[in-house]
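Novice: Below you'll find the structure I mean.
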Amino acid sequence: MIGVEQMRIVPALLAWLDLAGIAMFAASGALAAARARQTIVTFLFFAVVTATGGGTVRDLLIGAPVFWMQDSRALAACLIAGLAVWMTPRRWWRPKALDWFDAVGLAVYAVYGAAKALAFGISPLPAAGMGVVTACMGGIIRDVLAGEPSILLRPEIYVTAAALAAVAYVGLGELGVAPQIAAAVGALAGFGLRALAIGRGLALPAYRG
Amino acid sequence: MIGVEQMRIVPALLAWLDLAGIAMFAASGALAAARARQTIVTFLFFAVVTATGGGTVRDLLIGAPVFWMQDSRALAACLIAGLAVWMTPRRWWRPKALDWFDAVGLAVYAVYGAAKALAFGISPLPAAGMGVVTACMGGIIRDVLAGEPSILLRPEIYVTAAALAAVAYVGLGELGVAPQIAAAVGALAGFGLRALAIGRGLALPAYRG
Amino acid sequence: MIGVEQMRIVPALLAWLDLAGIAMFAASGALAAARARQTIVTFLFFAVVTATGGGTVRDLLIGAPVFWMQDSRALAACLIAGLAVWMTPRRWWRPKALDWFDAVGLAVYAVYGAAKALAFGISPLPAAGMGVVTACMGGIIRDVLAGEPSILLRPEIYVTAAALAAVAYVGLGELGVAPQIAAAVGALAGFGLRALAIGRGLALPAYRG
């Protein structure tokens with residue numbers, strides 16, 4: 001979900017990893033459509049919205065050109081992933097395996113989103129917020145459209161892991177740490193926290209007032 | 001839902017047809033409020049959101065000025081349509097008749113949306129997606145706000161017809177067909193497919209996994 | 001929810017009042033999370049979305065830089081308000097008291113939103129609409145995310161009061177009345193109408209077809 005500008009300066013490998021991440025998120029959207037026994041058109045729509053939603057909201061908020069408008073490849077990756085889920089047996093798509101891929105995407109996109117916001121001159125605190133938006137908003141929009149309770153309303157640690165990754169990246173950068181190191185620490189911290197949620201059921205306490 | 005810029009260069013007749021199309025969509029929004037036995041303010045809000053939603057999301061995504069901001073007429077058309085539904089007996093508004101007007105709007109706005117996106121330098125595949133967004137997003141937002149299951153979650157052919165119109169227009173253009181012919185073929189194909197859904201109940205198969 | 005540009009030219013007192021208004025809206029978002037017995041992360045998310053939602057949608061529609069991107073203070077005010085609701089006993093937050101603060105914010109932001117839209121060259125009718133969006137959209141997004149019936153679907157006078165404030169401000173300005181006077185009349189009229197709804201249960205009639 002990084003922008004076209006950045007794609008030019010990152011090595012081709014990273015650009016392909018980015019497309020792979022988009023396809024992963026798109027597959028999770030198509031699987032939400034599968035759970036609701038929808039049609040192929042809904043599969044594709046959910047794939048696109050889930051994979052592009054977070055980066056789209058971020059780009060609108062920071063005033064950047066929306067990342068999937070200048071290049072047909074990101075949208076093509078979403079459509080292919082949606083089609084793949086439609087055409088393959090559902091048992092191929094194990095929830096646990098998907099959770100782990102999603103955890104990688106969550107941590108990486110939280111850092112990417114914050115970095116892109118900083119590159120567009122956004123203040124540190126909202127920039128960290130843009131990391132959370134990039135990582136989580138696509139899934140929230142998907143759940144609202146599908147009429148499912150969104151991840152926001154579950155105690156499971158998810159948004160928190162994205163926030164940790166983004167805040168660590170922005171905070172370490174403010175302290176003078178080199179961007180590559182801040183990015184690695186942020187992504188690993190976010191992934192580690194999310195891993196505890198998947199592996200051990202780590203959750204946040206609910207309000208008791 | 002075309003932009004102010006385009007309105008200057010299309011003949012006045014088309015500009016009035018555009019306002020008529022906006023008013024039709026607005027009436028469908030107000031009728032959703034009528035089904036839910038809402039107040040006049042909700043009628044007007046739903047009329048505006050339904051009629052402007054698709055074009056607004058498209059304009060934000062492609063980086064165009066939002067089409068109803070520079071000119072009070074589009075918003076006035078929405079408010080007048082909402083008021084008309086409020087003040088007239090409900091039996092005047094036959095669902096079947098509305099479906100046919102809506103089918104015309106769906107096909108025409110899908111082509112318009114794709115054409116406007118191409119005019120703003122958007123790549124072909126996302127430009128076709130902008131046609132779908134223009135035609136369908138207003139209705140989806142309306143359904144989410146009204147708490148009704150959105151057209152996305154029904155097997156009925158609707159989004160598919162918009163996609164056919166937009167993809168045919170963009171695809172024929174890529175093949176070198178003149179824009180006017182591509183637009184006519186796209187709009188007719190989309191309208192024809194939607195007509196089969198209204199007249200004969202054509203629907204997509206659901207996922208069986 | 002006014003922009004950074006305006007903040008520079010209004011006295012510091014108004015800038016602080018603006019932050020106080022944002023914090024009030026944020027607290028109402030956090031209280032929605034409290035009603036649903038959510039976690040701290042959901043408290044903060046709802047606080048941010050409720051307080052910034054209306055101004056964000058307005059800024060996107062009128063083509064202004066999103067107001068909370070260039071300055072960490074607005075977002076910090078939301079997070080502090082959300083944290084305050086989480087850490088204090090719920091009985092401190094009386095619904096009636098909150099309703100009165102919310103009524104002040106509703107009327108003031110409706111006028112601000114319309115004024116900012118006019119300052120960005122938006123036509124009078126959509127500018128009045130932007131006042132309504134600024135005042136009401138954050139609460140509507142909050143309700144949709146929380147799965148509660150939105151204020152839009154209740155007969156209580158709320159959106160109407162925002163519309164009265166915005167239309168009075170824009171209309172008086174069009175008639176040549178000085179902006180300060182138009183703003184005062186608009187805000188007082190909107191607050192007065194909302195006060196009748198809170199104090200005496202004034203509501204709109206529902207559609208009977």
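Labels for the structure tokens follow display order: chains A, B, ..., residues from 1 in each chain, ligands from 1.
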Identify every residue of chain C that has at least one atom within 12 Å of any atom of chain B, counting only C-alpha atoms, and report the result as a compact mmCIF listing (two decimals) with C-alpha atoms, in the first residue's frame.

Specialist:
```txt
# COMPACT_ATOMS: atom_id res chain seq x y z
CA VAL C 57 -15.23 14.94 5.76
CA ARG C 58 -15.77 18.69 5.30
CA ASP C 59 -12.09 19.34 4.56
CA LEU C 60 -11.95 16.47 2.05
CA LEU C 61 -15.08 17.73 0.28
CA ILE C 62 -14.01 21.38 0.06
CA GLY C 63 -10.43 20.51 -0.93
CA ALA C 64 -8.77 21.90 2.23
CA ALA C 117 -16.38 26.27 3.20
CA LEU C 118 -17.22 29.81 2.01
CA PHE C 120 -12.53 28.01 0.26
CA GLY C 121 -14.79 29.30 -2.50
CA ILE C 122 -17.65 26.80 -2.09
CA SER C 123 -21.11 27.88 -3.36
CA PRO C 124 -23.62 29.03 -0.71
CA LEU C 125 -25.92 25.98 -0.65
CA PRO C 126 -23.15 23.34 -0.42
CA ALA C 127 -21.36 25.62 2.08
CA ALA C 128 -24.40 25.43 4.37
CA GLY C 129 -24.33 21.66 3.83
CA MET C 130 -20.71 21.64 4.99
CA VAL C 132 -24.25 20.37 8.81
CA VAL C 133 -21.53 17.84 7.92
CA CYS C 136 -23.14 15.99 12.67
CA MET C 137 -20.96 13.60 10.65
CA ILE C 140 -23.07 9.52 12.58
CA ILE C 141 -19.79 7.67 11.84
CA ARG C 142 -19.48 6.81 15.55
CA ASP C 143 -22.99 5.32 15.60
CA VAL C 144 -22.42 3.27 12.42
CA LEU C 145 -19.13 1.89 13.82
CA GLY C 147 -23.67 -0.59 15.49
CA GLU C 148 -26.12 1.79 17.19
CA PRO C 149 -29.06 3.41 15.34
CA SER C 150 -27.65 6.76 14.26
CA ILE C 151 -29.10 10.14 15.21
CA LEU C 152 -30.25 10.27 11.59
CA LEU C 153 -32.82 7.56 12.29
CA ARG C 154 -34.28 9.20 15.42
CA PRO C 155 -37.05 11.84 15.28
CA GLU C 156 -35.22 14.02 17.83
CA ILE C 157 -34.23 17.45 16.50
CA TYR C 158 -30.46 17.39 16.01
CA VAL C 159 -29.42 17.59 12.36
CA THR C 160 -32.21 20.16 11.95
CA ALA C 161 -30.63 22.45 14.56
CA ALA C 162 -27.27 22.26 12.77
CA ALA C 163 -29.00 23.01 9.46
CA LEU C 164 -30.78 26.03 10.97
CA ALA C 203 -39.16 16.22 17.70
CA LEU C 204 -39.99 16.04 14.02
CA PRO C 205 -43.05 14.19 12.73
CA ALA C 206 -42.32 10.88 10.98
CA TYR C 207 -43.44 10.13 7.43
CA ARG C 208 -46.89 8.60 7.21
CA GLY C 209 -47.11 8.34 3.41
```

Novice: Give me the residues within 10 Å of Gly192 (chain A) as an mmCIF file with N, CA, C and O atoms, in the first residue's frame, counting only C-alpha atoms and dropping any in the same chain fewer than 4 places off.

Specialist:
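Done, and the output landed in selection.cif:
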```
data_model
loop_
_atom_site.group_PDB
_atom_site.id
_atom_site.type_symbol
_atom_site.label_atom_id
_atom_site.label_comp_id
_atom_site.auth_asym_id
_atom_site.auth_seq_id
_atom_site.Cartn_x
_atom_site.Cartn_y
_atom_site.Cartn_z
ATOM 1 N N ALA A 103 -0.734 -10.879 10.244
ATOM 2 C CA ALA A 103 0.071 -10.249 11.300
ATOM 3 C C ALA A 103 1.310 -9.576 10.716
ATOM 4 O O ALA A 103 1.702 -8.484 11.150
ATOM 5 N N VAL A 104 1.914 -10.237 9.722
ATOM 6 C CA VAL A 104 3.072 -9.622 9.053
ATOM 7 C C VAL A 104 2.642 -8.334 8.345
ATOM 8 O O VAL A 104 3.262 -7.275 8.500
ATOM 9 N N ALA A 107 1.912 -5.347 10.787
ATOM 10 C CA ALA A 107 3.088 -4.679 11.350
ATOM 11 C C ALA A 107 3.822 -3.863 10.283
ATOM 12 O O ALA A 107 4.232 -2.720 10.528
ATOM 13 N N ALA A 161 -1.605 -3.578 18.313
ATOM 14 C CA ALA A 161 -0.322 -4.002 17.734
ATOM 15 C C ALA A 161 0.099 -3.040 16.626
ATOM 16 O O ALA A 161 1.277 -2.687 16.512
ATOM 17 N N ALA A 165 3.494 -0.616 16.636
ATOM 18 C CA ALA A 165 4.455 -0.544 15.532
ATOM 19 C C ALA A 165 4.638 0.896 15.057
ATOM 20 O O ALA A 165 5.766 1.374 14.884
ATOM 21 N N GLY A 186 10.042 -1.177 15.052
ATOM 22 C CA GLY A 186 8.593 -0.963 15.080
ATOM 23 C C GLY A 186 7.841 -2.174 14.540
ATOM 24 O O GLY A 186 6.907 -2.674 15.179
ATOM 25 N N ALA A 187 8.266 -2.666 13.366
ATOM 26 C CA ALA A 187 7.561 -3.793 12.753
ATOM 27 C C ALA A 187 7.680 -5.050 13.608
ATOM 28 O O ALA A 187 6.693 -5.785 13.793
ATOM 29 N N LEU A 188 8.875 -5.302 14.164
ATOM 30 C CA LEU A 188 9.053 -6.499 14.994
ATOM 31 C C LEU A 188 8.224 -6.401 16.271
ATOM 32 O O LEU A 188 7.613 -7.386 16.701
ATOM 33 N N LEU A 196 1.478 -12.717 20.120
ATOM 34 C CA LEU A 196 0.988 -13.129 21.442
ATOM 35 C C LEU A 196 -0.535 -13.231 21.446
ATOM 36 O O LEU A 196 -1.112 -14.076 22.128
ATOM 37 N N ALA A 197 -1.188 -12.344 20.672
ATOM 38 C CA ALA A 197 -2.656 -12.388 20.609
ATOM 39 C C ALA A 197 -3.116 -13.637 19.858
ATOM 40 O O ALA A 197 -4.069 -14.316 20.277
ATOM 41 N N ILE A 198 -2.446 -13.971 18.751
ATOM 42 C CA ILE A 198 -2.851 -15.141 17.962
ATOM 43 C C ILE A 198 -2.498 -16.425 18.709
ATOM 44 O O ILE A 198 -3.314 -17.338 18.835
#
```

Novice: I need the residues in region 52-194 of chain A that are helix (DSSP H, G or I) according to DSSP; give them as a PyMOL selection string.

Specialist: chain A and resi 52-62+72-87+90-92+95-119+124-146+151-153+159-174+179-194

Novice: Using only C-alpha atoms, can you tell me which of C:Pro95, C:Gly173, C:Gly105, C:Gly82 comes closest to Asp18 (chain C)?

Specialist: C:Gly105

Novice: Quick one: everything within 8 Å of Ala23 (chain A), counting only C-alpha atoms, minus sequence neighbours fewer than 3 positions away in the same chain. Send it as a list of chain:residue names.

Specialist: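 The residues satisfying every condition are A:Leu19, A:Ala20, A:Ala26, A:Ala27, A:Ala51, A:Ala77, A:Cys78, A:Ile80, A:Ala81.
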
Novice: Would you output that residue set with C-alpha atoms, as an mmCIF file, in the first residue's frame?

Specialist:
```
data_model
loop_
_atom_site.group_PDB
_atom_site.id
_atom_site.type_symbol
_atom_site.label_atom_id
_atom_site.label_comp_id
_atom_site.auth_asym_id
_atom_site.auth_seq_id
_atom_site.Cartn_x
_atom_site.Cartn_y
_atom_site.Cartn_z
ATOM 1 C CA LEU A 19 1.821 -6.465 -4.190
ATOM 2 C CA ALA A 20 1.954 -9.765 -2.282
ATOM 3 C CA ALA A 26 -7.519 -8.951 -0.585
ATOM 4 C CA ALA A 27 -7.805 -12.699 0.081
ATOM 5 C CA ALA A 51 -6.807 -4.397 0.499
ATOM 6 C CA ALA A 77 -3.577 -8.067 -7.604
ATOM 7 C CA CYS A 78 -6.814 -7.589 -5.606
ATOM 8 C CA ILE A 80 -6.754 -12.006 -8.943
ATOM 9 C CA ALA A 81 -6.709 -12.762 -5.195
#
```
